[in-house]
Each structure stands twice: as structure tokens, then as C-alpha cells.
>>> print(open('protein-v7.cif').read())   # mmCIF, C-alpha atoms
data_run
#
loop_
_atom_site.group_PDB
_atom_site.id
_atom_site.type_symbol
_atom_site.label_atom_id
_atom_site.label_comp_id
_atom_site.auth_asym_id
_atom_site.auth_seq_id
_atom_site.Cartn_x
_atom_site.Cartn_y
_atom_site.Cartn_z
ATOM 1 C CA GLY A 1 68.954 88.600 119.405
ATOM 2 C CA VAL A 2 68.596 91.235 116.753
ATOM 3 C CA GLY A 3 70.389 89.270 114.046
ATOM 4 C CA ALA A 4 73.998 88.651 113.024
ATOM 5 C CA GLY A 5 74.719 87.089 116.430
ATOM 6 C CA LEU A 6 74.039 90.373 118.259
ATOM 7 C CA PHE A 7 71.850 90.970 121.322
ATOM 8 C CA ALA A 8 71.983 94.812 121.462
ATOM 9 C CA PRO A 9 71.585 95.027 125.264
ATOM 10 C CA ASN A 10 71.304 98.820 125.344
ATOM 11 C CA SER A 11 68.690 99.040 122.601
ATOM 12 C CA GLU A 12 65.107 99.700 123.577
ATOM 13 C CA THR A 13 62.547 96.901 123.587
ATOM 14 C CA THR A 14 59.360 97.207 121.553
ATOM 15 C CA ARG A 15 55.866 96.256 122.575
ATOM 16 C CA ALA A 16 55.801 93.613 119.823
ATOM 17 C CA GLN A 17 59.032 92.060 121.103
ATOM 18 C CA LEU A 18 57.660 91.572 124.617
ATOM 19 C CA VAL A 19 54.348 90.016 123.540
ATOM 20 C CA THR A 20 56.268 87.701 121.227
ATOM 21 C CA ILE A 21 58.475 86.551 124.109
ATOM 22 C CA LEU A 22 55.442 85.890 126.314
ATOM 23 C CA TYR A 23 53.710 84.079 123.440
ATOM 24 C CA ARG A 24 56.761 81.851 123.046
ATOM 25 C CA LEU A 25 56.860 81.205 126.796
ATOM 26 C CA GLU A 26 53.275 80.016 126.426
ATOM 27 C CA GLY A 27 54.316 77.559 123.694
ATOM 28 C CA GLN A 28 52.961 79.596 120.760
ATOM 29 C CA PRO A 29 49.388 78.314 120.926
ATOM 30 C CA ALA A 30 47.242 78.458 117.815
ATOM 31 C CA VAL A 31 45.193 81.624 117.501
ATOM 32 C CA SER A 32 42.175 82.538 115.450
ATOM 33 C CA GLY A 33 39.828 85.427 115.144
ATOM 34 C CA ASP A 34 39.953 88.992 113.990
ATOM 35 C CA LEU A 35 42.985 91.182 114.414
ATOM 36 C CA PRO A 36 42.377 93.150 117.611
ATOM 37 C CA PHE A 37 44.067 96.368 116.496
ATOM 38 C CA THR A 38 44.083 98.285 113.206
ATOM 39 C CA ASP A 39 47.874 98.725 113.266
ATOM 40 C CA VAL A 40 48.620 94.992 113.546
ATOM 41 C CA GLU A 41 48.789 93.442 110.088
ATOM 42 C CA ALA A 42 48.266 89.778 109.267
ATOM 43 C CA GLY A 43 51.416 87.746 108.642
ATOM 44 C CA THR A 44 54.000 89.743 110.592
ATOM 45 C CA TRP A 45 56.429 88.072 113.007
ATOM 46 C CA TYR A 46 54.360 89.381 115.918
ATOM 47 C CA THR A 47 50.771 89.041 114.620
ATOM 48 C CA ASN A 48 49.880 85.792 116.403
ATOM 49 C CA ALA A 49 51.536 87.008 119.600
ATOM 50 C CA VAL A 50 49.464 90.204 119.681
ATOM 51 C CA VAL A 51 46.241 88.320 118.901
ATOM 52 C CA TRP A 52 46.985 85.781 121.659
ATOM 53 C CA ALA A 53 47.954 88.486 124.173
ATOM 54 C CA ALA A 54 44.845 90.571 123.439
ATOM 55 C CA GLN A 55 42.537 87.544 123.635
ATOM 56 C CA ASN A 56 44.024 86.571 127.002
ATOM 57 C CA GLY A 57 43.885 90.021 128.592
ATOM 58 C CA ILE A 58 47.653 90.484 128.657
ATOM 59 C CA VAL A 59 47.654 93.635 126.569
ATOM 60 C CA ASN A 60 45.544 96.622 125.858
ATOM 61 C CA GLY A 61 46.302 98.964 123.059
ATOM 62 C CA VAL A 62 47.627 102.450 123.367
ATOM 63 C CA SER A 63 44.105 103.325 122.223
ATOM 64 C CA ASP A 64 40.957 101.346 121.484
ATOM 65 C CA THR A 65 42.157 100.619 117.949
ATOM 66 C CA GLU A 66 45.967 100.754 118.041
ATOM 67 C CA PHE A 67 48.559 98.542 119.697
ATOM 68 C CA ALA A 68 51.690 100.435 118.528
ATOM 69 C CA PRO A 69 53.813 97.297 118.024
ATOM 70 C CA GLY A 70 56.938 99.222 117.044
ATOM 71 C CA ASP A 71 56.818 101.647 119.969
ATOM 72 C CA ASP A 72 59.414 101.273 122.680
ATOM 73 C CA ILE A 73 57.889 99.637 125.730
ATOM 74 C CA THR A 74 58.020 101.612 128.951
ATOM 75 C CA ARG A 75 59.031 100.011 132.210
ATOM 76 C CA GLU A 76 55.489 100.386 133.554
ATOM 77 C CA GLN A 77 53.993 98.835 130.393
ATOM 78 C CA LEU A 78 56.396 95.924 130.750
ATOM 79 C CA ALA A 79 55.476 95.455 134.415
ATOM 80 C CA THR A 80 51.782 95.609 133.536
ATOM 81 C CA MET A 81 52.061 92.978 130.804
ATOM 82 C CA LEU A 82 54.052 90.680 133.105
ATOM 83 C CA TYR A 83 51.477 91.224 135.857
ATOM 84 C CA SER A 84 48.637 90.308 133.501
ATOM 85 C CA TYR A 85 50.505 87.232 132.266
ATOM 86 C CA ALA A 86 51.246 86.170 135.852
ATOM 87 C CA LYS A 87 47.546 86.376 136.688
ATOM 88 C CA LEU A 88 46.736 84.307 133.585
ATOM 89 C CA LYS A 89 49.205 81.660 134.767
ATOM 90 C CA GLY A 90 47.731 81.575 138.270
ATOM 91 C CA VAL A 91 50.733 83.187 139.969
ATOM 92 C CA ASP A 92 49.930 84.817 143.312
ATOM 93 C CA THR A 93 49.904 88.537 142.557
ATOM 94 C CA THR A 94 48.668 89.731 145.928
ATOM 95 C CA GLN A 95 50.650 92.640 147.263
ATOM 96 C CA GLY A 96 53.002 92.150 150.176
ATOM 97 C CA GLY A 97 54.641 95.450 150.949
ATOM 98 C CA MET A 98 54.996 99.012 149.824
ATOM 99 C CA ALA A 99 58.617 99.078 148.684
ATOM 100 C CA VAL A 100 57.585 100.915 145.523
ATOM 101 C CA ARG A 101 56.765 103.998 147.627
ATOM 102 C CA GLU A 102 60.412 104.269 148.676
ATOM 103 C CA PHE A 103 61.439 105.413 145.189
ATOM 104 C CA ALA A 104 61.730 109.150 144.635
ATOM 105 C CA ASP A 105 59.651 109.042 141.440
ATOM 106 C CA TYR A 106 56.858 106.863 142.824
ATOM 107 C CA ASP A 107 54.349 109.643 142.083
ATOM 108 C CA SER A 108 55.209 109.499 138.363
ATOM 109 C CA ILE A 109 53.785 105.986 137.970
ATOM 110 C CA SER A 110 50.675 106.159 135.791
ATOM 111 C CA SER A 111 47.449 105.412 137.643
ATOM 112 C CA TRP A 112 46.725 102.395 135.418
ATOM 113 C CA ALA A 113 50.149 100.905 136.264
ATOM 114 C CA GLY A 114 50.206 101.400 140.032
ATOM 115 C CA GLN A 115 49.138 97.906 141.029
ATOM 116 C CA SER A 116 51.400 96.153 138.529
ATOM 117 C CA MET A 117 54.412 98.304 139.400
ATOM 118 C CA THR A 118 53.862 97.648 143.104
ATOM 119 C CA TRP A 119 53.668 93.921 142.403
ATOM 120 C CA ALA A 120 56.767 93.949 140.171
ATOM 121 C CA VAL A 121 58.870 95.763 142.793
ATOM 122 C CA ASN A 122 57.629 93.636 145.690
ATOM 123 C CA ALA A 123 58.163 90.417 143.707
ATOM 124 C CA GLY A 124 61.750 91.422 142.882
ATOM 125 C CA ILE A 125 61.083 91.651 139.152
ATOM 126 C CA LEU A 126 61.651 95.383 138.835
ATOM 127 C CA SER A 127 64.342 97.355 140.588
ATOM 128 C CA GLY A 128 65.449 100.952 140.450
ATOM 129 C CA ARG A 129 67.699 102.581 137.922
ATOM 130 C CA GLY A 130 69.855 104.559 140.317
ATOM 131 C CA ASN A 131 69.347 107.823 142.175
ATOM 132 C CA ASN A 132 66.516 105.996 143.961
ATOM 133 C CA THR A 133 64.289 106.099 140.858
ATOM 134 C CA LEU A 134 62.131 103.548 139.035
ATOM 135 C CA ALA A 135 61.819 105.559 135.807
ATOM 136 C CA PRO A 136 58.372 104.072 135.103
ATOM 137 C CA THR A 137 57.778 105.965 131.861
ATOM 138 C CA ALA A 138 61.279 105.419 130.477
ATOM 139 C CA GLY A 139 61.883 102.820 127.811
ATOM 140 C CA ALA A 140 63.075 99.419 128.929
ATOM 141 C CA THR A 141 66.351 98.294 127.394
ATOM 142 C CA ARG A 142 66.769 94.753 126.118
ATOM 143 C CA ALA A 143 69.167 94.071 129.009
ATOM 144 C CA GLU A 144 66.631 95.331 131.575
ATOM 145 C CA MET A 145 63.915 93.261 129.956
ATOM 146 C CA ALA A 146 66.132 90.159 130.028
ATOM 147 C CA VAL A 147 66.755 90.598 133.764
ATOM 148 C CA MET A 148 63.068 91.217 134.457
ATOM 149 C CA LEU A 149 62.098 88.126 132.457
ATOM 150 C CA GLN A 150 64.681 86.020 134.282
ATOM 151 C CA GLN A 151 63.263 87.174 137.623
ATOM 152 C CA PHE A 152 59.727 86.601 136.353
ATOM 153 C CA VAL A 153 60.411 83.045 135.155
ATOM 154 C CA GLY A 154 62.055 82.302 138.528
ATOM 155 C CA LEU A 155 58.911 83.543 140.259
ATOM 156 C CA MET A 156 56.724 81.340 138.070
ATOM 157 C CA GLU A 157 58.824 78.283 138.907
ATOM 158 C CA LYS A 158 58.177 78.676 142.659
#
>>> encode(input="protein-v7.cif", output="C-alpha cells")
Amino acid sequence: GVGAGLFAPNSETTRAQLVTILYRLEGQPAVSGDLPFTDVEAGTWYTNAVVWAAQNGIVNGVSDTEFAPGDDITREQLATMLYSYAKLKGVDTTQGGMAVREFADYDSISSWAGQSMTWAVNAGILSGRGNNTLAPTAGATRAEMAVMLQQFVGLMEK
């Protein structure tokens, strides 16, 4: 939640929130080493999660030096981080279909996110937003992220 017993389902999700969730799914392993990004400070609630995610190839920064922890995560960034985490966990990420091409805004998926978005749609993790769109560059709400994570965890349990 976001505090005071609230979940805020329609609020946007930040990049730091997602890596922290994945870090907790992993059991919060101990981390060491230098901070991978200049905008991630030591001792924050997300520091260890970002270090762990960067060291395990789950995240890249928005640049070579910045992670942008407080930025809203886009749907394609979320799919890409889940894809990278799935590969780390040994989940089969081979593609089995082209359902992603059926969405009207398929061409708006960033080139770096194409494979992960295709995987997320085919695996049933990501679905459209209506009007036959994926909205890949739109922010992911906390409710959307919760559904995607539920689908993702179900996939990992198979």
C-alpha cells in the first residue's frame, strides 16, 4: 500500500516500486558493491533493490548514469523488467505467437521493448487497455501492475 491502509489503485507506479517488489519476491538477498546509478542514494527504501536489479541484469537506467527511481514506470518498461526477471529465474521466455501485432498501437512499442512486450502479451501478463490498444508508453497504474504481477507469479509457478 501507500500508507494509512490505502492501496491507491489508480495511482501510477514508480520504477523504484517495481524493483522493490521484484527484490522482495527474490527474498531480499544481501547486496554489496557500488551504487550503479548517480541518482540512487545509499540508505533509501529502494537502494538495495536497485543495486540487486542492476547487478542481475533486470534493469538498465534511463541513461548510463541515471535510474530515475521516482519516475512513473511505463507499461513497456514494466514488461521489460518482468521479462528480464523471468529469464533470471529460468522461465521459458521463447515466443509463441504474434498476438501483440493485433493491437492498433503495436508500432508505438519502443524497439528495445519489442521482444519483452511480445512475450508479456503472449504469456498473458499484459493485456490491452481498450480500443484495441496496449498503450506501451503510458504509465502503469498500481492496479495494472498488481494484475500483471499476479499473472507473472502464476506463470512462474507453472
>>> residues_around(input="protein-v7.cif", residues="Ala113 in chain A", least_positions_apart="5", cutoff="8 Å", atoms="only C-alpha atoms", output="list in words")
Glu76, Gln77, Ala79 and Thr80 of chain A
>>> closest_residue(input="protein-v7.cif", among="A:Thr13, A:Gln115, A:Thr47, A:Asn132", to="Gly70 in chain A", atoms="all atoms listed in the file")
A:Thr13
>>> closest_residue(input="protein-v7.cif", among="A:Val91, A:Ala8, A:Ala30, A:Met145", to="Trp52 in chain A", atoms="all atoms listed in the file")
A:Ala30
>>> atom_distance(input="protein-v7.cif", atom1="CA of Val51 in chain A", atom2="CA of Leu35 in chain A")
6.2 Å
>>> resolve_selection(input="protein-v7.cif", expression="the PyMOL selection byres ((chain A and resi 53) around 12)", output="VMD selection string")
chain A and resid 15 to 16 18 to 26 28 to 31 35 to 37 46 to 52 54 to 61 67 81 to 82 84 to 85 88
>>> atom_distance(input="protein-v7.cif", atom1="CA of Ala135 in chain A", atom2="CA of Thr65 in chain A")
27.0 Å
>>> atom_distance(input="protein-v7.cif", atom1="CA of Thr137 in chain A", atom2="CA of Thr74 in chain A")
5.2 Å
>>> residues_around(input="protein-v7.cif", residues="Phe7 in chain A", least_positions_apart="3", cutoff="12 Å", atoms="only C-alpha atoms", output="NGL selection string")
:A and (1-4 or 10-13 or 141-143 or 145-146)
>>> closest_residue(input="protein-v7.cif", among="A:Ser63, A:Gly96, A:Lys89, A:Ser127", to="Glu157 in chain A", atoms="all atoms listed in the file")
A:Lys89
>>> decode(input="protein-v7.cif", residues="range 130-144 of chain A", atoms="N, CA and C atoms", output="mmCIF file, in the first residue's frame")
data_model
loop_
_atom_site.group_PDB
_atom_site.id
_atom_site.type_symbol
_atom_site.label_atom_id
_atom_site.label_comp_id
_atom_site.auth_asym_id
_atom_site.auth_seq_id
_atom_site.Cartn_x
_atom_site.Cartn_y
_atom_site.Cartn_z
ATOM 1 N N GLY A 130 -8.158 -1.227 -23.941
ATOM 2 C CA GLY A 130 -9.401 -0.809 -24.572
ATOM 3 C C GLY A 130 -9.090 -0.177 -25.906
ATOM 4 N N ASN A 131 -10.099 -0.064 -26.750
ATOM 5 C CA ASN A 131 -9.905 0.471 -28.103
ATOM 6 C C ASN A 131 -8.796 -0.266 -28.841
ATOM 7 N N ASN A 132 -8.592 -1.534 -28.486
ATOM 8 C CA ASN A 132 -7.587 -2.378 -29.126
ATOM 9 C C ASN A 132 -6.183 -1.772 -29.050
ATOM 10 N N THR A 133 -5.840 -1.198 -27.882
ATOM 11 C CA THR A 133 -4.522 -0.596 -27.702
ATOM 12 C C THR A 133 -3.791 -1.213 -26.514
ATOM 13 N N LEU A 134 -2.468 -1.214 -26.594
ATOM 14 C CA LEU A 134 -1.606 -1.652 -25.495
ATOM 15 C C LEU A 134 -1.109 -0.479 -24.659
ATOM 16 N N ALA A 135 -1.051 0.690 -25.237
ATOM 17 C CA ALA A 135 -0.533 1.891 -24.571
ATOM 18 C C ALA A 135 0.844 1.625 -23.959
ATOM 19 N N PRO A 136 1.816 1.207 -24.774
ATOM 20 C CA PRO A 136 3.113 0.802 -24.238
ATOM 21 C C PRO A 136 3.881 1.902 -23.521
ATOM 22 N N THR A 137 3.706 3.143 -23.934
ATOM 23 C CA THR A 137 4.469 4.231 -23.318
ATOM 24 C C THR A 137 3.693 4.951 -22.222
ATOM 25 N N ALA A 138 2.476 4.493 -21.949
ATOM 26 C CA ALA A 138 1.679 5.080 -20.875
ATOM 27 C C ALA A 138 2.154 4.535 -19.531
ATOM 28 N N GLY A 139 1.931 5.297 -18.495
ATOM 29 C CA GLY A 139 2.270 4.831 -17.158
ATOM 30 C C GLY A 139 1.391 3.663 -16.760
ATOM 31 N N ALA A 140 1.953 2.796 -15.941
ATOM 32 C CA ALA A 140 1.206 1.648 -15.432
ATOM 33 C C ALA A 140 0.647 1.997 -14.056
ATOM 34 N N THR A 141 -0.659 1.850 -13.897
ATOM 35 C CA THR A 141 -1.254 2.122 -12.590
ATOM 36 C C THR A 141 -0.899 1.002 -11.618
ATOM 37 N N ARG A 142 -1.094 1.273 -10.340
ATOM 38 C CA ARG A 142 -0.815 0.252 -9.326
ATOM 39 C C ARG A 142 -1.743 -0.947 -9.519
ATOM 40 N N ALA A 143 -2.975 -0.715 -9.932
ATOM 41 C CA ALA A 143 -3.904 -1.822 -10.181
ATOM 42 C C ALA A 143 -3.437 -2.668 -11.360
ATOM 43 N N GLU A 144 -3.006 -2.016 -12.446
ATOM 44 C CA GLU A 144 -2.483 -2.758 -13.603
ATOM 45 C C GLU A 144 -1.253 -3.570 -13.213
#
